[in-house]
$ cat data.cif   # mmCIF, C-alpha atoms
data_entry
loop_
_atom_site.label_atom_id
_atom_site.label_comp_id
_atom_site.auth_asym_id
_atom_site.auth_seq_id
_atom_site.Cartn_x
_atom_site.Cartn_y
_atom_site.Cartn_z
CA MET Z 1 130.87 -11.47 223.26
CA ASN Z 2 134.27 -11.96 224.90
CA TYR Z 3 134.05 -9.76 227.98
CA LYS Z 4 137.77 -10.02 228.68
CA TYR Z 5 138.65 -8.52 225.30
CA LEU Z 6 136.01 -5.84 225.82
CA THR Z 7 137.45 -4.96 229.25
CA LEU Z 8 141.03 -4.91 227.98
CA GLY Z 9 139.90 -2.75 225.06
CA ILE Z 10 138.27 -0.24 227.43
CA ILE Z 11 141.40 -0.18 229.61
CA GLY Z 12 143.54 0.28 226.47
CA ILE Z 13 141.48 3.25 225.27
CA THR Z 14 141.68 4.80 228.74
CA PHE Z 15 145.45 4.27 228.76
CA LEU Z 16 145.88 5.97 225.37
CA PHE Z 17 143.71 8.91 226.40
CA GLU Z 18 145.53 9.41 229.71
CA THR Z 19 148.88 9.07 227.91
CA PHE Z 20 147.83 11.85 225.54
CA ILE Z 21 146.88 14.06 228.51
CA LYS Z 22 150.23 13.38 230.17
CA TYR Z 23 152.01 14.27 226.93
CA LEU Z 24 150.16 17.60 226.82
CA THR Z 25 151.03 18.11 230.50
CA LEU Z 26 154.73 17.62 229.77
CA LYS Z 27 154.58 19.94 226.76
CA SER Z 28 152.94 22.63 228.92
CA SER Z 29 156.42 23.53 230.14
CA ASP Z 30 157.15 24.90 226.64
CA ARG Z 31 154.12 27.18 226.56
CA LYS Z 32 154.40 30.95 226.91
CA ILE Z 33 153.68 32.27 230.41
CA PRO Z 34 150.75 34.75 230.55
CA GLU Z 35 151.73 38.37 231.16
CA ASN Z 36 149.82 38.76 234.45
CA VAL Z 37 151.81 35.98 236.18
CA ARG Z 38 155.27 36.51 234.71
CA ASP Z 39 156.45 38.13 237.93
CA ILE Z 40 155.88 34.91 239.92
CA TYR Z 41 159.19 33.40 238.83
CA ASP Z 42 162.45 35.23 238.23
CA GLU Z 43 164.95 33.72 235.79
CA GLU Z 44 166.65 31.56 238.41
CA SER Z 45 163.46 30.27 240.03
CA TYR Z 46 161.89 29.66 236.60
CA GLY Z 47 164.80 27.40 235.66
CA LYS Z 48 164.37 25.55 238.95
CA TRP Z 49 160.61 25.24 238.35
CA LEU Z 50 161.19 23.90 234.84
CA SER Z 51 163.49 21.19 236.14
CA TYR Z 52 161.06 20.30 238.95
CA TYR Z 53 158.04 20.18 236.65
CA ARG Z 54 159.73 17.94 234.11
CA GLU Z 55 161.05 15.53 236.74
CA LYS Z 56 157.60 15.24 238.33
CA THR Z 57 155.84 14.77 235.00
CA ARG Z 58 158.29 12.15 233.75
CA LEU Z 59 158.00 10.18 236.99
CA SER Z 60 154.20 10.37 236.73
CA PHE Z 61 154.38 9.14 233.13
CA LEU Z 62 156.59 6.17 234.06
CA ARG Z 63 154.27 5.28 236.91
CA HIS Z 64 151.29 5.54 234.57
CA VAL Z 65 152.83 3.10 232.07
CA ILE Z 66 153.89 0.55 234.69
CA MET Z 67 150.58 0.57 236.59
CA TYR Z 68 148.61 0.01 233.38
CA ALA Z 69 151.00 -2.78 232.33
CA VAL Z 70 150.41 -4.47 235.70
CA THR Z 71 146.63 -4.09 235.26
CA PHE Z 72 146.80 -5.67 231.79
CA LEU Z 73 148.81 -8.61 233.13
CA MET Z 74 146.59 -9.16 236.18
CA ILE Z 75 143.40 -9.19 234.11
CA GLY Z 76 144.79 -10.71 230.91
CA PHE Z 77 146.27 -13.75 232.67
CA ASN Z 78 143.37 -14.26 235.12
CA LEU Z 79 145.70 -13.71 238.07
CA TYR Z 80 142.91 -12.55 240.38
CA ALA Z 81 141.04 -15.82 239.86
CA ARG Z 82 144.22 -17.89 240.24
CA ILE Z 83 144.93 -16.30 243.63
CA VAL Z 84 141.34 -16.69 244.83
CA ASN Z 85 141.45 -20.41 243.92
CA LEU Z 86 144.30 -20.82 246.44
CA LEU Z 87 142.12 -19.68 249.36
CA PRO Z 88 141.66 -22.42 251.96
CA VAL Z 89 138.23 -21.01 252.92
CA LYS Z 90 135.60 -20.39 250.26
CA GLY Z 91 132.61 -18.05 250.33
CA VAL Z 92 131.31 -14.99 248.53
CA TYR Z 93 132.54 -12.61 251.23
CA GLN Z 94 136.00 -14.18 251.57
CA GLU Z 95 136.54 -14.49 247.81
CA GLY Z 96 135.29 -10.97 247.08
CA CYS Z 97 137.40 -9.34 249.79
CA ALA Z 98 140.42 -11.42 248.76
CA VAL Z 99 140.31 -9.85 245.27
CA LEU Z 100 140.23 -6.35 246.75
CA VAL Z 101 143.06 -7.09 249.18
CA VAL Z 102 145.18 -8.55 246.37
CA ASP Z 103 144.45 -5.52 244.20
CA MET Z 104 145.48 -3.13 246.98
CA LEU Z 105 148.63 -5.11 247.80
CA VAL Z 106 149.71 -5.23 244.16
CA GLY Z 107 148.93 -1.53 243.78
CA MET Z 108 150.96 -0.67 246.87
CA PHE Z 109 153.88 -2.87 245.82
CA PHE Z 110 154.27 -1.00 242.54
CA SER Z 111 153.20 2.48 243.66
CA ILE Z 112 155.22 2.84 246.87
CA PRO Z 113 158.56 3.16 245.03
CA PHE Z 114 157.09 5.99 242.94
CA ASP Z 115 155.57 7.65 246.00
CA TYR Z 116 158.93 7.39 247.74
CA VAL Z 117 160.90 8.86 244.85
CA ASN Z 118 158.34 11.64 244.46
CA ALA Z 119 158.34 12.62 248.15
CA MET Z 120 161.79 11.70 249.41
CA ARG Z 121 163.81 12.50 246.30
CA ILE Z 122 162.12 15.05 244.03
CA GLU Z 123 160.13 16.99 246.66
CA GLN Z 124 163.16 16.78 248.98
CA LYS Z 125 165.52 17.99 246.27
CA TYR Z 126 163.47 21.13 245.67
CA GLY Z 127 162.84 21.90 249.33
CA PHE Z 128 159.18 20.89 249.63
CA ASN Z 129 159.31 17.60 251.50
CA ARG Z 130 159.39 17.64 255.29
CA MET Z 131 158.43 14.01 255.84
CA THR Z 132 160.78 11.63 257.56
CA LYS Z 133 161.09 8.07 256.32
CA LYS Z 134 159.13 7.00 259.40
CA THR Z 135 156.25 9.37 258.58
CA PHE Z 136 156.23 8.12 254.99
CA ALA Z 137 156.08 4.47 256.11
CA VAL Z 138 153.40 5.12 258.75
CA ASP Z 139 151.26 7.00 256.17
CA GLN Z 140 151.46 4.05 253.78
CA ILE Z 141 150.39 1.62 256.52
CA LYS Z 142 147.51 3.88 257.59
CA ASP Z 143 146.37 4.29 253.96
CA PHE Z 144 146.37 0.51 253.48
CA ILE Z 145 144.47 -0.22 256.69
CA VAL Z 146 141.88 2.52 256.12
CA GLY Z 147 141.54 1.43 252.46
CA ILE Z 148 140.98 -2.20 253.40
CA ILE Z 149 138.41 -1.35 256.07
CA ILE Z 150 136.44 0.96 253.76
CA SER Z 151 136.60 -1.17 250.59
CA CYS Z 152 135.89 -4.52 252.25
CA GLY Z 153 133.21 -2.92 254.43
CA LEU Z 154 131.41 -1.46 251.41
CA LEU Z 155 131.81 -4.68 249.45
CA SER Z 156 130.37 -6.77 252.30
CA LEU Z 157 127.44 -4.35 252.62
CA PHE Z 158 126.89 -4.54 248.85
CA ILE Z 159 126.90 -8.37 248.93
CA LEU Z 160 124.53 -8.45 251.89
CA ILE Z 161 122.01 -6.12 250.26
CA HIS Z 162 122.25 -7.81 246.85
CA GLN Z 163 121.68 -11.28 248.24
CA ALA Z 164 118.85 -10.10 250.48
CA MET Z 165 117.10 -7.65 248.14
CA GLY Z 166 117.97 -8.83 244.62
CA ASN Z 167 116.85 -6.27 242.04
CA TRP Z 168 116.02 -3.81 244.81
CA LEU Z 169 119.79 -3.47 245.24
CA LEU Z 170 119.96 -0.35 243.07
CA LEU Z 171 117.59 1.72 245.21
CA VAL Z 172 118.58 0.35 248.62
CA PHE Z 173 122.35 0.50 248.14
CA SER Z 174 122.14 3.97 246.58
CA ALA Z 175 120.21 5.19 249.64
CA VAL Z 176 122.73 3.53 251.96
CA MET Z 177 125.62 5.13 250.07
CA VAL Z 178 124.00 8.57 250.37
CA ILE Z 179 123.78 8.10 254.13
CA LEU Z 180 127.35 6.81 254.34
CA VAL Z 181 128.76 9.66 252.24
CA LEU Z 182 127.03 12.21 254.48
CA ALA Z 183 128.22 10.32 257.57
CA VAL Z 184 131.82 10.38 256.31
CA VAL Z 185 131.52 14.12 255.67
CA VAL Z 186 130.35 14.69 259.25
CA ILE Z 187 133.07 12.53 260.81
CA SER Z 188 135.84 13.56 258.38
CA PRO Z 189 137.45 15.82 261.00
CA VAL Z 190 137.88 12.73 263.18
CA ILE Z 191 139.33 10.66 260.32
CA MET Z 192 141.85 13.39 259.46
CA ARG Z 193 143.19 13.25 263.01
CA LEU Z 194 144.68 9.87 262.10
CA TYR Z 195 147.15 11.77 259.90
CA ASN Z 196 147.56 15.25 261.40
CA LYS Z 197 147.34 17.20 264.62
CA PHE Z 198 144.80 20.01 264.89
CA GLU Z 199 144.94 22.92 267.30
CA PRO Z 200 142.73 26.01 267.72
CA LEU Z 201 143.97 29.15 265.99
CA PRO Z 202 145.85 31.14 268.68
CA ASP Z 203 144.25 34.28 270.09
CA GLY Z 204 145.30 37.52 268.45
CA THR Z 205 144.37 40.04 265.78
CA LEU Z 206 144.23 37.38 263.05
CA LYS Z 207 141.67 35.31 264.94
CA GLU Z 208 139.63 38.43 265.74
CA ARG Z 209 139.61 39.52 262.07
CA LEU Z 210 138.58 36.07 260.85
CA TYR Z 211 135.67 35.75 263.27
CA MET Z 212 134.61 39.32 262.49
CA LEU Z 213 134.54 38.45 258.77
CA LEU Z 214 132.40 35.41 259.54
CA GLU Z 215 129.99 37.47 261.62
CA GLU Z 216 129.69 40.24 259.01
CA ASN Z 217 128.65 37.68 256.40
CA GLY Z 218 126.31 35.65 258.58
CA CYS Z 219 128.53 32.56 258.60
CA SER Z 220 129.27 30.31 261.55
CA VAL Z 221 131.74 27.48 262.07
CA ARG Z 222 132.48 25.16 264.96
CA ALA Z 223 136.12 26.19 265.00
CA ILE Z 224 139.06 27.62 263.09
CA GLN Z 225 141.91 25.16 263.44
CA VAL Z 226 145.54 24.96 262.45
CA THR Z 227 146.95 21.65 261.21
CA ASP Z 228 150.59 20.58 261.10
CA GLY Z 229 150.85 20.26 257.31
CA SER Z 230 154.50 21.26 257.67
CA LYS Z 231 155.42 17.77 258.88
CA ARG Z 232 154.89 16.52 255.33
CA SER Z 233 155.37 19.48 253.00
CA SER Z 234 156.26 23.17 252.88
CA LYS Z 235 153.28 23.79 250.57
CA ALA Z 236 150.40 25.79 252.08
CA ASN Z 237 146.64 25.26 251.99
CA ALA Z 238 143.30 26.00 253.67
CA TYR Z 239 139.94 24.24 253.42
CA PHE Z 240 136.44 23.72 254.84
CA THR Z 241 135.53 20.36 256.31
CA GLY Z 242 132.43 18.85 257.91
CA LEU Z 243 128.79 19.83 257.80
CA GLY Z 244 126.38 21.43 260.24
CA ARG Z 245 127.75 21.55 263.77
CA THR Z 246 131.02 19.90 262.71
CA LYS Z 247 131.77 22.55 260.06
CA THR Z 248 135.38 23.64 260.52
CA ILE Z 249 137.86 25.83 258.66
CA VAL Z 250 141.38 24.40 258.64
CA LEU Z 251 144.50 26.48 258.00
CA TYR Z 252 147.86 24.84 257.35
CA ASP Z 253 150.61 26.03 259.66
CA THR Z 254 152.66 26.67 256.50
CA LEU Z 255 150.01 29.17 255.42
CA LEU Z 256 150.54 31.09 258.66
CA GLU Z 257 154.30 30.95 258.13
CA GLN Z 258 154.35 32.11 254.51
CA MET Z 259 151.54 34.68 254.32
CA SER Z 260 151.01 38.13 255.76
CA GLU Z 261 147.96 38.61 257.97
CA ASP Z 262 146.08 40.40 255.16
CA GLU Z 263 146.84 37.57 252.76
CA ILE Z 264 145.64 34.95 255.25
CA VAL Z 265 142.38 36.87 255.71
CA ALA Z 266 142.03 36.99 251.90
CA VAL Z 267 142.49 33.20 251.61
CA PHE Z 268 140.03 32.78 254.50
CA ALA Z 269 137.52 35.02 252.70
CA HIS Z 270 137.86 32.79 249.63
CA GLU Z 271 137.12 29.67 251.69
CA MET Z 272 134.22 31.47 253.35
CA GLY Z 273 132.91 32.25 249.87
CA HIS Z 274 132.62 28.52 249.24
CA ASN Z 275 130.61 28.19 252.43
CA LYS Z 276 128.43 31.20 251.56
CA HIS Z 277 127.61 29.77 248.14
CA LYS Z 278 127.08 26.26 249.59
CA ASP Z 279 129.67 24.87 247.18
CA THR Z 280 130.49 21.97 249.48
CA LEU Z 281 126.87 20.79 249.45
CA LYS Z 282 126.68 21.23 245.67
CA MET Z 283 129.78 19.09 245.15
CA TYR Z 284 128.40 16.44 247.50
CA GLY Z 285 125.29 16.43 245.32
CA MET Z 286 127.48 15.85 242.25
CA ASN Z 287 129.34 13.09 244.08
CA LEU Z 288 126.07 11.43 245.07
CA PHE Z 289 124.99 11.48 241.41
CA ASN Z 290 128.25 9.73 240.53
CA VAL Z 291 127.67 7.21 243.32
CA ALA Z 292 124.19 6.42 241.98
CA LEU Z 293 125.60 6.03 238.46
CA PHE Z 294 128.28 3.62 239.62
CA VAL Z 295 125.78 1.65 241.71
CA LEU Z 296 123.80 1.20 238.49
CA PHE Z 297 126.89 -0.16 236.73
CA ALA Z 298 127.66 -2.40 239.71
CA TRP Z 299 124.13 -3.78 239.58
CA LEU Z 300 124.51 -4.52 235.87
CA LEU Z 301 127.84 -6.26 236.49
CA VAL Z 302 126.52 -8.56 239.24
CA SER Z 303 123.41 -9.32 237.17
CA LYS Z 304 125.51 -11.09 234.53
CA GLY Z 305 127.27 -13.99 236.23
CA GLU Z 306 128.50 -15.32 232.89
CA ILE Z 307 130.97 -12.43 232.62
CA TYR Z 308 133.32 -13.85 235.24
CA GLY Z 309 134.07 -17.10 233.46
CA PHE Z 310 136.08 -15.11 230.90
CA PHE Z 311 138.40 -14.04 233.74
CA GLY Z 312 138.96 -17.49 235.24
CA PHE Z 313 136.27 -17.45 237.94
CA THR Z 314 133.75 -20.25 238.33
CA GLY Z 315 130.96 -17.73 238.95
CA LEU Z 316 130.18 -14.26 240.17
CA ASN Z 317 132.95 -12.65 242.22
CA TYR Z 318 131.81 -9.42 243.85
CA GLY Z 319 135.35 -8.15 244.42
CA PHE Z 320 136.25 -8.55 240.77
CA ALA Z 321 133.00 -6.79 239.87
CA PHE Z 322 134.42 -3.79 241.74
CA ILE Z 323 137.67 -4.10 239.73
CA LEU Z 324 135.65 -4.02 236.50
CA LEU Z 325 133.64 -1.10 237.87
CA SER Z 326 136.89 0.78 238.53
CA ALA Z 327 137.97 0.20 234.92
CA PHE Z 328 134.66 1.56 233.59
CA ALA Z 329 134.84 4.51 236.00
CA SER Z 330 138.28 5.45 234.65
CA PHE Z 331 136.89 5.17 231.13
CA LEU Z 332 133.96 7.47 231.95
CA SER Z 333 135.87 9.92 234.16
CA PRO Z 334 136.80 12.33 231.31
CA LEU Z 335 133.10 12.74 230.47
CA LEU Z 336 132.07 13.14 234.10
CA GLY Z 337 135.09 15.36 234.70
CA LEU Z 338 133.98 17.79 232.01
CA LEU Z 339 130.86 18.63 234.01
CA SER Z 340 132.19 18.38 237.56
CA GLY Z 341 135.42 20.20 236.68
CA ARG Z 342 133.51 23.04 235.07
CA LEU Z 343 131.27 23.38 238.14
CA GLN Z 344 134.27 23.32 240.47
CA ARG Z 345 136.14 25.96 238.48
CA LYS Z 346 133.00 28.12 238.41
CA ALA Z 347 132.79 27.78 242.20
CA GLU Z 348 136.43 28.88 242.53
CA TYR Z 349 135.78 31.99 240.45
CA ALA Z 350 132.73 32.80 242.62
CA ALA Z 351 134.72 32.30 245.85
CA ASP Z 352 137.47 34.59 244.52
CA GLY Z 353 134.79 37.12 243.62
CA PHE Z 354 133.39 36.92 247.16
CA ALA Z 355 136.83 37.74 248.60
CA ALA Z 356 137.18 40.66 246.16
CA GLU Z 357 133.71 41.96 247.07
CA ASN Z 358 134.80 42.01 250.71
CA GLY Z 359 137.76 44.20 249.80
CA TYR Z 360 140.49 41.55 249.66
CA GLY Z 361 141.04 41.35 245.90
CA ASN Z 362 144.62 42.64 245.85
CA GLU Z 363 145.58 40.56 248.90
CA LEU Z 364 144.09 37.44 247.30
CA ILE Z 365 146.07 38.07 244.10
CA SER Z 366 149.21 38.44 246.20
CA SER Z 367 148.47 35.22 248.09
CA LEU Z 368 147.73 33.29 244.87
CA LYS Z 369 151.06 34.35 243.41
CA LYS Z 370 152.85 33.41 246.60
CA LEU Z 371 151.11 30.03 246.76
CA ALA Z 372 151.98 29.36 243.11
CA ARG Z 373 155.61 30.37 243.65
CA ASN Z 374 156.01 28.32 246.83
CA SER Z 375 154.34 25.26 245.28
CA PHE Z 376 156.04 25.51 241.87
CA ASP Z 377 152.73 25.60 240.01
CA CYS Z 378 152.61 25.34 236.23
CA LEU Z 379 151.59 28.81 235.03
CA SER Z 380 150.62 27.89 231.47
CA PRO Z 381 149.01 24.42 231.35
CA HIS Z 382 147.45 23.29 228.09
CA PRO Z 383 143.78 24.42 227.89
CA LEU Z 384 142.57 20.87 227.19
CA VAL Z 385 144.36 19.57 230.28
CA VAL Z 386 142.70 22.32 232.34
CA ARG Z 387 139.27 21.57 230.93
CA LEU Z 388 139.50 17.81 231.49
CA THR Z 389 141.51 17.47 234.70
CA TYR Z 390 141.68 20.74 236.66
CA SER Z 391 139.36 21.44 239.60
CA HIS Z 392 140.66 25.03 239.78
CA PRO Z 393 141.18 27.64 237.06
CA THR Z 394 144.80 28.52 236.35
CA VAL Z 395 146.45 31.22 238.46
CA SER Z 396 146.42 33.56 235.46
CA GLN Z 397 142.70 33.00 234.88
CA ARG Z 398 141.88 33.58 238.54
CA ILE Z 399 143.90 36.79 238.74
CA ALA Z 400 142.27 38.13 235.55
CA ALA Z 401 138.82 37.38 236.96
CA ILE Z 402 139.63 39.01 240.32
CA GLU Z 403 140.92 42.14 238.60
CA LYS Z 404 137.78 42.28 236.47
CA SER Z 405 135.64 41.88 239.61
CA MET Z 406 137.52 44.71 241.37
CA GLU Z 407 137.19 46.95 238.32
CA LYS Z 408 133.44 46.28 238.19
CA ARG Z 409 133.12 46.95 241.91
CA GLY Z 410 135.07 50.20 241.53
CA ASN Z 411 132.82 51.38 238.70
CA GLU Z 412 129.70 50.59 240.76
CA ASP Z 413 131.11 52.56 243.70
CA VAL Z 414 131.75 55.57 241.44
CA LYS Z 415 128.18 55.38 240.09
CA GLY Z 416 126.88 55.10 243.67
CA HIS Z 417 128.50 58.40 244.56
#
$ encode --input "data.cif" --output "structure tokens"
Amino acid sequence: MNYKYLTLGIIGITFLFETFIKYLTLKSSDRKIPENVRDIYDEESYGKWLSYYREKTRLSFLRHVIMYAVTFLMIGFNLYARIVNLLPVKGVYQEGCAVLVVDMLVGMFFSIPFDYVNAMRIEQKYGFNRMTKKTFAVDQIKDFIVGIIISCGLLSLFILIHQAMGNWLLLVFSAVMVILVLAVVVISPVIMRLYNKFEPLPDGTLKERLYMLLEENGCSVRAIQVTDGSKRSSKANAYFTGLGRTKTIVLYDTLLEQMSEDEIVAVFAHEMGHNKHKDTLKMYGMNLFNVALFVLFAWLLVSKGEIYGFFGFTGLNYGFAFILLSAFASFLSPLLGLLSGRLQRKAEYAADGFAAENGYGNELISSLKKLARNSFDCLSPHPLVVRLTYSHPTVSQRIAAIEKSMEKRGNEDVKGH
């Protein structure tokens, strides 16, 4: 079997599938907007959204084509092996890390122009971007450094365990990855400080209402913090981070700027719903399953040293094994995404329901519409795109579910009296 042709075939199938999804994404702009979200855009803002959506989608499509063309060339012409052969110092660690560094450098070289156009041209044109060129450049450097440290660190650990433990690699490295994933979750607040500033939510009625809501529902967090998301974008967000004693709720400063106090409490109640239902832990469990699956594939790849001769290497190259693993992961992601996406969307519905049960249904609907309007969300994406790629239900679906939850709650209250 020619493993190069097999790999290129898998990459080709993935490319065609993702191209089809991007085509459906572009055509979503022609779909009819559901009745319950038609008031989000007026005629003028809808025309602006349409232009924004098409520019973003076309840029994404061009990037998609070019990045896959580069991948085909790099693998098809054995360029990874050619570069590794130029190394003055040989060794499994050096050669493996060299492949990953080359892959990241090539990826950055071709992706930075698209990132720049997206942020500094399109997002700027439509009033979303607040990054300076300096912030953009510093972010790219930080991403590269953090990426190199993490990828080469994991690769070196993988090599060490494989060479020391042999076939025990699967169990040992899976256990190590579980520990590392949990460790990253715990220290994620520290990592995020490399990119943003975090300050405690100022004293006032909003802070009092949020802590009261936490207390009423038996929830506790280390802190409620505000991050300076406005230095990069005008889009708003809120999220939970950390586990145990490091558990923190983060509000974007843009959320505080754009929302009324009631709407902020509603968004907070939604995030608290995730915590109440232990959604974060559930998703970590799903991620750990994926990690174990990919460790299995990695073990299979390093168990067949003959594979690498088809790509120009003289023997096993651990870094290139990770490149092959990435290709297989992209191929499998639609299948894995069907399950994880469905679970994530179910969790979003439940968190919305939690906010509605606490009396913030109307305020949450109002905040969702405002978030969609301020972020130029697509209001009528193709159902297949939603099912395969969305982690959240559409705004229309969420509003319909919230209204149904409020109606059910109202009927139960009537029966209770």
$ closest_residue --input "data.cif" --among "Z:Phe289, Z:Tyr211, Z:Phe110, Z:Tyr284" --to "Ala69 in chain Z" --atoms "only C-alpha atoms"
Z:Phe110
$ residues_around --input "data.cif" --residues "range 152-156 of chain Z" --least-positions-apart "2" --cutoff "12 Å" --atoms "all atoms listed in the file" --output "PDB file with C-alpha atoms, in the coordinates of the input"
ATOM      1  CA  GLY Z  91     132.610 -18.050 250.330  1.00  0.00           C
ATOM      2  CA  VAL Z  92     131.310 -14.990 248.530  1.00  0.00           C
ATOM      3  CA  TYR Z  93     132.540 -12.610 251.230  1.00  0.00           C
ATOM      4  CA  GLN Z  94     136.000 -14.180 251.570  1.00  0.00           C
ATOM      5  CA  GLU Z  95     136.540 -14.490 247.810  1.00  0.00           C
ATOM      6  CA  GLY Z  96     135.290 -10.970 247.080  1.00  0.00           C
ATOM      7  CA  CYS Z  97     137.400  -9.340 249.790  1.00  0.00           C
ATOM      8  CA  ALA Z  98     140.420 -11.420 248.760  1.00  0.00           C
ATOM      9  CA  VAL Z  99     140.310  -9.850 245.270  1.00  0.00           C
ATOM     10  CA  LEU Z 100     140.230  -6.350 246.750  1.00  0.00           C
ATOM     11  CA  VAL Z 101     143.060  -7.090 249.180  1.00  0.00           C
ATOM     12  CA  VAL Z 102     145.180  -8.550 246.370  1.00  0.00           C
ATOM     13  CA  ASP Z 103     144.450  -5.520 244.200  1.00  0.00           C
ATOM     14  CA  MET Z 104     145.480  -3.130 246.980  1.00  0.00           C
ATOM     15  CA  PHE Z 144     146.370   0.510 253.480  1.00  0.00           C
ATOM     16  CA  ILE Z 145     144.470  -0.220 256.690  1.00  0.00           C
ATOM     17  CA  VAL Z 146     141.880   2.520 256.120  1.00  0.00           C
ATOM     18  CA  GLY Z 147     141.540   1.430 252.460  1.00  0.00           C
ATOM     19  CA  ILE Z 148     140.980  -2.200 253.400  1.00  0.00           C
ATOM     20  CA  ILE Z 149     138.410  -1.350 256.070  1.00  0.00           C
ATOM     21  CA  ILE Z 150     136.440   0.960 253.760  1.00  0.00           C
ATOM     22  CA  PHE Z 158     126.890  -4.540 248.850  1.00  0.00           C
ATOM     23  CA  ILE Z 159     126.900  -8.370 248.930  1.00  0.00           C
ATOM     24  CA  LEU Z 160     124.530  -8.450 251.890  1.00  0.00           C
ATOM     25  CA  ILE Z 161     122.010  -6.120 250.260  1.00  0.00           C
ATOM     26  CA  HIS Z 162     122.250  -7.810 246.850  1.00  0.00           C
ATOM     27  CA  GLN Z 163     121.680 -11.280 248.240  1.00  0.00           C
ATOM     28  CA  PHE Z 173     122.350   0.500 248.140  1.00  0.00           C
ATOM     29  CA  SER Z 174     122.140   3.970 246.580  1.00  0.00           C
ATOM     30  CA  VAL Z 176     122.730   3.530 251.960  1.00  0.00           C
ATOM     31  CA  MET Z 177     125.620   5.130 250.070  1.00  0.00           C
ATOM     32  CA  LEU Z 180     127.350   6.810 254.340  1.00  0.00           C
ATOM     33  CA  VAL Z 181     128.760   9.660 252.240  1.00  0.00           C
ATOM     34  CA  VAL Z 295     125.780   1.650 241.710  1.00  0.00           C
ATOM     35  CA  ALA Z 298     127.660  -2.400 239.710  1.00  0.00           C
ATOM     36  CA  ASN Z 317     132.950 -12.650 242.220  1.00  0.00           C
ATOM     37  CA  TYR Z 318     131.810  -9.420 243.850  1.00  0.00           C
ATOM     38  CA  GLY Z 319     135.350  -8.150 244.420  1.00  0.00           C
ATOM     39  CA  PHE Z 320     136.250  -8.550 240.770  1.00  0.00           C
ATOM     40  CA  ALA Z 321     133.000  -6.790 239.870  1.00  0.00           C
ATOM     41  CA  PHE Z 322     134.420  -3.790 241.740  1.00  0.00           C
ATOM     42  CA  ILE Z 323     137.670  -4.100 239.730  1.00  0.00           C
TER      43      ILE Z 323
END
$ residues_around --input "data.cif" --residues "Ser366 in chain Z" --least-positions-apart "4" --cutoff "8 Å" --atoms "all atoms listed in the file" --output "PDB file with C-alpha atoms, keeping the file's coordinate frame"
ATOM      1  CA  GLU Z 263     146.840  37.570 252.760  1.00  0.00           C
ATOM      2  CA  ASN Z 362     144.620  42.640 245.850  1.00  0.00           C
ATOM      3  CA  LYS Z 370     152.850  33.410 246.600  1.00  0.00           C
TER       4      LYS Z 370
END
$ closest_residue --input "data.cif" --among "Z:Lys27, Z:Arg387, Z:His277, Z:Arg222" --to "Lys247 in chain Z" --atoms "all atoms listed in the file"
Z:Arg222
$ closest_residue --input "data.cif" --among "Z:His64, Z:His274, Z:His382, Z:Lys304" --to "Arg31 in chain Z" --atoms "only C-alpha atoms"
Z:His382
$ residues_around --input "data.cif" --residues "Asn287 in chain Z" --least-positions-apart "4" --cutoff "9 Å" --atoms "all atoms listed in the file" --output "MDAnalysis selection string"
chainID Z and resid 181 282:283 291:292 340
$ closest_residue --input "data.cif" --among "Z:Ala355, Z:Leu293, Z:Val190, Z:Leu182" --to "Glu271 in chain Z" --atoms "only C-alpha atoms"
Z:Ala355
$ resolve_selection --input "data.cif" --expression "the PyMOL selection byres ((chain Z and resi 82) around 12)" --output "PyMOL selection string"
chain Z and resi 74-81+83-87+95+98-99+102+311-314
$ closest_atom_pairs --input "data.cif" --of "range 322-395 of chain Z" --to "range 119-140 of chain Z" --cutoff "12 Å" --atoms "all atoms listed in the file" --output "Markdown table"
| residue | atom | partner | partner_atom | distance |
| --- | --- | --- | --- | --- |
| Z:Arg373 | CA | Z:Phe128 | CA | 11.8 |
| Z:Asn374 | CA | Z:Phe128 | CA | 8.5 |
| Z:Ser375 | CA | Z:Phe128 | CA | 7.8 |
| Z:Phe376 | CA | Z:Tyr126 | CA | 9.4 |
$ closest_residue --input "data.cif" --among "Z:Met1, Z:Gly359, Z:Val265, Z:Arg193" --to "Glu208 in chain Z" --atoms "all atoms listed in the file"
Z:Val265
$ atom_distance --input "data.cif" --atom1 "CA of Pro334 in chain Z" --atom2 "CA of Leu24 in chain Z"
15.0 Å
$ closest_residue --input "data.cif" --among "Z:Ser151, Z:Thr71, Z:Ser260, Z:Thr241" --to "Glu363 in chain Z" --atoms "only C-alpha atoms"
Z:Ser260
$ atom_distance --input "data.cif" --atom1 "CA of Asp228 in chain Z" --atom2 "CA of Gly353 in chain Z"
28.8 Å
$ atom_distance --input "data.cif" --atom1 "CA of Gly341 in chain Z" --atom2 "CA of Glu407 in chain Z"
26.9 Å
$ resolve_selection --input "data.cif" --expression "the PyMOL selection byres ((chain Z and resi 388) around 7)" --output "list in words"
Pro334, Gly337, Leu338, Leu384, Val385, Val386, Arg387, Thr389 and Tyr390 of chain Z
$ residues_around --input "data.cif" --residues "Ala329 in chain Z" --least-positions-apart "2" --cutoff "10 Å" --atoms "all atoms listed in the file" --output "list in words"
Thr14, Asn290, Leu293, Phe294, Phe297, Ile323, Leu324, Leu325, Ser326, Ala327, Phe331, Leu332, Ser333, Pro334 and Leu336 of chain Z
$ closest_atom_pairs --input "data.cif" --of "range 254-360 of chain Z" --to "range 395-402 of chain Z" --cutoff "8 Å" --atoms "all atoms listed in the file" --output "Markdown table"
| residue | atom | partner | partner_atom | distance |
| --- | --- | --- | --- | --- |
| Z:Tyr349 | CA | Z:Arg398 | CA | 6.6 |
| Z:Asp352 | CA | Z:Ile402 | CA | 6.5 |
| Z:Gly353 | CA | Z:Ile402 | CA | 6.2 |
| Z:Ala356 | CA | Z:Ile402 | CA | 6.5 |
